[in-house]
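Novice: One structure follows; several queries about it will come next.
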Amino acid sequence: MKKQIYLDSASTTKPSDEVLEFLSVAMKNSYGNPDSMHALGLDAEKQVEHARNIIASSINAKPEEIIFTSSGTEANNLAIFGSVEALKRRGNKIITTNAEHPSVYFPMLELEKKGFDIIYLSTKEGKINIDEFKNYIDEKVILISIMLVNNETGSIFDISEIIKTVENSGFRDKLYIHCDAVQAFCKIPIDLNKLKIDMMSISAHKIHGIKGCGALFLRKNKRIIPQIFGGGQENNLRSSTLNTPGIFAFGKAVEEAAKDFQKNHEYINKLYDYTVIKIKEKCPEIIFNQRADINNISKYILSLRLPKIKSEVMLNYFSGQGIYISSGSACSEKHQNSKESKRVLLNYGLDKNSADFTIRVSFSKYNTFDETEEFVNTLSDGIKKLIVSQIKFS
């Protein structure tokens with residue numbers, strides 16, 4: 001079997017062996033409904049609460065502030081629509097950015113159709129202009145929703161400066177601040193005792209858990225309107241029988257990530273730096289789509305601009321070699337004929353051709369230096385072969 005090299009962990013991560021082993025045991029032995037009053041149900045409830053405690057502890061939150069959902073997408077939708085429904089009598093203005101994940105961007109488009117005034121802050125070169133932000137803060141703002149780490153460029157947005165600006169405006173108590181932290185959770189430090197946001201979305205399958213499980217942090221004194229009604233689970237905020245196996249695995253994945261956080265952080269930094277050095281040595285024609293202030297990017301994500309080769313062509317070439325990368329967000333990649341597939345890169349400041357020639361490499365703790373060296377060698381070979389073939393058939 002051909003060796004596979006997986007460099008698309010921003011799309012989804014490989015579940016860890018420990019998570020899968022834990023999951024297998026839990027599915028066999030703890031299959032009760034946590035809402036049932038018998039012993040098997042109570043055991044499931046106990047394990048759900050254990051996972052809730054682990055996740056809350058990892059971000060310095062209270063367990064009751066964690067609401068389990070089916071995904072990061074659902075967490076984002078619950079935060080946005082739930083808070084807007086609760087606050088709409090106060091105003092109709094929402095501030096976000098033009099680089100948000102589709103699960104934030106498309107809800108904003110829906111709210112626009114309903115008459116809400118949506119402000120899309122510029123994210124040129126992966127930065128938010130605080131002076132521009134200040135101009136939009138007024139008594140009509142009810143929600144600010146800005147991601148922590150961009151899923152396509154790795155840019156870290158300065159949420160602390162956003163909060164500081166809001167506090168100085170005098171309108172802090174009249175609005176909610178939401179943060180999509182799906183690409184940040186367990187990868188950069190998050191302390192919700194210091195980061196004074198009201199809501200934060202996270203996802204299990206981005207940190208070596210399994211798909212089908214996410215969570216929303218909702219600060220204890222904040223109220224949102226539920227979007228799914230039924231049995232009243234999760235303090236009446238998200239009705240549905242809980243995905244207990246997914247939640248158990250989520251807790252285990254967070255436990256592992258928290259235990260090895262510093263080690264993983266240092267390793268990914270070295271892996272990223274090594275990859276950049278090798279690319280510069282072997283592929284000098286590559287352009288790096290990264291912020292000049294290198295300390296404000298997540299080194300789990302590397303965005304590269306190819307020389308006159310469309311990203312999907314290079315993706316197919318890599319796939320044929322058993323190496324898996326992407327051209328951007330997996331939730332947008334299938335929109336190849338729409339503006340959405342390149343929205344983030346265009347707003348970053350790339351022209352259409354540059355955006356069409358961009359690939360994304362994203363790392364995990366399972367990647368090795370040998371794998372990244374093989375990636376760079378394949379990239380170098382691919383550039384030579386594909387440019388020649390394009391000249392031949394043009």
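By convention in this document, the chains of the structure tokens carry letters A, B, ... by their order, each chain's residues are numbered from 1, and ligands are numbered from 1 in the order they are shown.
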Give the strand (DSSP E) residues of range 221-334 of chain A, as DSSP finds them on the backbone, and put them as an MDAnalysis selection string.

Specialist: chainID A and resid 287:288 301:305 323:324

Novice: Write the residues you've just listed into a file as a PDB file, in the first residue's frame, and include C-alpha atoms for each of them.

Specialist:
ATOM      1  CA  ILE A 287       5.264  32.885  -2.256  1.00  0.00           C
ATOM      2  CA  PHE A 288       4.167  32.627   1.390  1.00  0.00           C
ATOM      3  CA  ILE A 301      -1.495  26.431   9.005  1.00  0.00           C
ATOM      4  CA  LEU A 302       0.761  27.329   6.058  1.00  0.00           C
ATOM      5  CA  SER A 303      -0.673  29.113   2.989  1.00  0.00           C
ATOM      6  CA  LEU A 304       1.432  28.918  -0.188  1.00  0.00           C
ATOM      7  CA  ARG A 305       1.107  30.584  -3.595  1.00  0.00           C
ATOM      8  CA  ILE A 323      -0.026  13.361  -0.117  1.00  0.00           C
ATOM      9  CA  TYR A 324      -3.168  15.167   1.005  1.00  0.00           C
TER      10      TYR A 324
END

Novice: Skipping near chain neighbours, those fewer than 5 positions away, what residues fall within 10 Å of range 125-134 of chain A using only C-alpha atoms, listed as a PyMOL selection string?

Specialist: chain A and resi 95-97+99+119-120+146+149-150+153-159+161-162+165-166+168-169+289-293+296-297+344-345+347-350

Novice: Calculate how many Å separate CA of Gln321 in chain A from CA of Leu346 in chain A, rounding to one decimal.

Specialist: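 Computing it gives 29.3 Å between the two atoms.
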
Novice: I need the alpha helix (DSSP H) residues of range 258-333 of chain A per DSSP on the backbone, written as a PyMOL selection string.

Specialist: chain A and resi 258-259+261-282+311-320

Novice: Quick one: residues within 12 Å of Glu373 in chain A, only C-alpha atoms counted, chain neighbours fewer than 2 positions away excluded, as number ranges by chain?

Specialist: A: 5, 271-279, 281-283, 323, 367-371, 375-380

Novice: If you measure from CA of Gly246 in chain A to CA of Met37 in chain A, what distance in Å do you get, rounded to one decimal?

Specialist: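 A separation of 21.0 Å between them.
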
Novice: Can you tell me which residues surround range 248-258 of chain A at a distance of at most 9 Å, considering only C-alpha atoms, apart from same-chain residues fewer than 4 positions away, and format the answer as a PyMOL selection string?

Specialist: chain A and resi 15-16+18-20+22-23+26+47-48+50-55+58+186-187+203-205+207-210+213-214+243-244+262+264

Novice: Report, in Å to a single decimal, how far apart CA of Glu45 in chain A and CA of Ser239 in chain A are.

Specialist: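 Computing the Euclidean distance for CA of Ser239 in chain A and CA of Glu45 in chain A yields 15.3 Å.
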
Novice: Can you tell me, as a PyMOL selection string, what residues are no more than 12 Å from Asn316 in chain A when counting only C-alpha atoms, ignoring any on the same chain fewer than 5 positions away?

Specialist: chain A and resi 309-311+321-327+359+379+382+386

Novice: Compile the contact shell of Met199 in chain A as an NGL selection string: residues with an atom at most 12 Å away, counting only C-alpha atoms, same-chain residues fewer than 6 positions apart removed.

Specialist: :A and (61 or 65-67 or 75-80 or 82-83 or 143-147 or 175-181 or 192 or 215-224)

Novice: Considering only C-alpha atoms, can you say which of A:Gly170, A:Pro284, A:Pro245, A:Gly91 comes closest to Lys140 in chain A?

Specialist: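 Looking only at the distances to Lys140 in chain A, the closest residue turns out to be A:Gly91.
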
Novice: Using only C-alpha atoms, which of A:Lys3, A:His101, A:Lys365, A:Arg90 sits nearest His265 in chain A?

Specialist: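 Ranking A:Lys3, A:His101, A:Lys365, A:Arg90 by distance to His265 in chain A, first place goes to A:Lys365.
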
Novice: Could you check which of A:Tyr105, A:Tyr136, A:Phe116, A:Tyr6 is closest to Arg343 in chain A, using only C-alpha atoms?

Specialist: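 The closest residue to Arg343 in chain A is A:Tyr105.
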